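Structure first, commentary second.
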There are 2 protein chains.
Amino acid sequence: MKLTPEQIEQFDRDGYLFFPSLFSPEEIRTLTEAVPAIYERREAYNVREKGSDAVRTNFAAHMYSEPFARLARHPRMVEPVRELFGDDLYMHQFKVNGKMAFEGDVWQWHQDYGTWLNDDMMPEPRAMNVAIFLDDVNEYNGPLMFIPGSHRKGVVEARHDLNTTSYPLWVVENELIAQLVERGGGKNGGIVSPKGPAGSMILFHGCLLHASTSNLSPWNRVSVYLSLCAVSNHIRRFKRPEFIAHRDFTPIDCLPDDCLLEPYPVDLPWKNGMPASALATSLEPIDQIKQAA
Amino acid sequence: MKLTPEQIEQFDRDGYLFFPSLFSPEEIRTLTEAVPAIYERREAYNVREKGSDAVRTNFAAHMYSEPFARLARHPRMVEPVRELFGDDLYMHQFKVNGKMAFEGDVWQWHQDYGTWLNDDMMPEPRAMNVAIFLDDVNEYNGPLMFIPGSHRKGVVEARHDLNTTSYPLWVVENELIAQLVERGGGKNGGIVSPKGPAGSMILFHGCLLHASTSNLSPWNRVSVYLSLCAVSNHIRRFKRPEFIAHRDFTPIDCLPDDCLLEPYPVDLPWKNGMPASALATSLEPIDQIKQAA
């Protein structure tokens, strides 16, 4: 899978690329069937919705669930990003977001790179967000919304929202959102929300502003959201637990293209639980940690 | 304005009718310009969003605001309903719902007639909901969602939700919603949300299940929601304050078709404030009140 010059240009201009039905229903089924087991675990890596048992975000499934470990090495996902960055990649973050039927709550407008910079000391926005739909996404089950072109604004000011939902988030002020939507075309394209069948994929820039409303429909909208970071751009601080911001900068070795259908062996280091070190955090940059060691 | 036989059949089958751009931008402007003044009032009839000063619902504007008093007598709105019910109509409820940019919160799935029956003792579901868009409605600013055909289920069981938002509501259990959506066509038409420019109108049955998500967009989605009740079907109890459930069953006399553009005189009984009697409530049916008097 190679990106066309038009796709590269489109990514630079809009900040995202949409690939409808990139994975087949059979490929997606292996992932969907693995979701209940990972959501069931009573672990720090399952963040639940406010006042509900429904999972809002599951972290690091590729460390303990075979199907997700294979997805994390899928060439159809990894190669276009490697092409755009011209660098090897490692897995910075891996989430399975619930947005469950009737329960899924809003995500306010935010950009991810602000957090990666401020918390994780990631030097540049050279980490790509990847969204893979495990359920059909339609206008009723809280689709992801983007402000096209907003990534060109770079890192914007944000405030830490600890109240709206169960997951703390650096969110952007309304006035700036309104300006960026207006600049992006107002009611004619200033907000977009790619919708499509399970198996569709979106690549989007770490600075692209995005949000999603609550899911009042009877349809789950489970998605994998992961972030692939250029190896040379790895994070410099372990302020957040390892299950949120990973610390293994080894380049991803892709499996063959049929890896969601065939049982290629994968390493599952957290299969029997997270090590205590994964919860340890530090405010010191890691070069200082190394010097002190 | 006369309904076609197809429209009457469609209303019976789906439970709603949509009239895009029924009112002109000039007609709507007179209403939109009157909204800030009614939202400003610190009165019981302005219900604000949880933790915010944004108005969620304003009640009874037709009793104290001239443009809304004229809309309440508009033939383009009143006549199709009179035709469907074959009866004179009175104004049972009149709301200007905010669903303001960034602030507008969800309305969970509910039907209105359940409340009218249980609280107001309205004998039959012969009151029509009317929604008139004062702003453009698109997929991003929290449009009204319907389950087509769900009105044929009649009154369904509901629980009183006092927590989700700032306005208490009888909401329907998730399992029943899922069933009705499935019966209505599932992902192919089981939920619909009429969208269109400011000035569009929806008529929908008092038993039609509806909901709307939060508005994360920078665009207000102010709508007038009113309920026209057949005079013979008037409420039998004043359990709710008069600004919520009106007690004057006099048939509406329509003004001419240009009444939003020309200054026809209208009566504004609450122009200088609500009478104390509008807040008085009673659990007794009104025939007993009359007998006691």
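To be explicit about the labels: the chains of the structure tokens are called A, B, and onward in the order shown, and within each one the residues are counted from 1, while ligands get numbers from 1 in the order they are shown.
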Chain B residues near chain A (9 Å cut-off, only C-alpha atoms) as an MDAnalysis selection string: chainID B and resid 101:102 106 108:109 138:140 142 145 174:175 177:179 181 187 191:193 211:219
DSSP-assigned helix (DSSP H, G or I) among range 26-260 of chain B, expressed as a count of residues only: 56
Option closest in space to Val96 in chain B, from B:Gly15, B:Pro36, B:Gly185, B:Pro5 [counting only C-alpha atoms]: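 Smallest distance to Val96 in chain B is found for B:Pro36.
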12 Å contact set for Ile28 in chain A, only C-alpha atoms, chain neighbours under 6 positions out, as an MDAnalysis selection string: chainID A and resid 21:22 34:35 67:68 70:71 132:136 197:201 222:224 258:261
Å distance separating CA of His160 in chain B from CA of Arg56 in chain A, one decimal place: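 Separating CA of His160 in chain B from CA of Arg56 in chain A is a distance of 25.3 Å.
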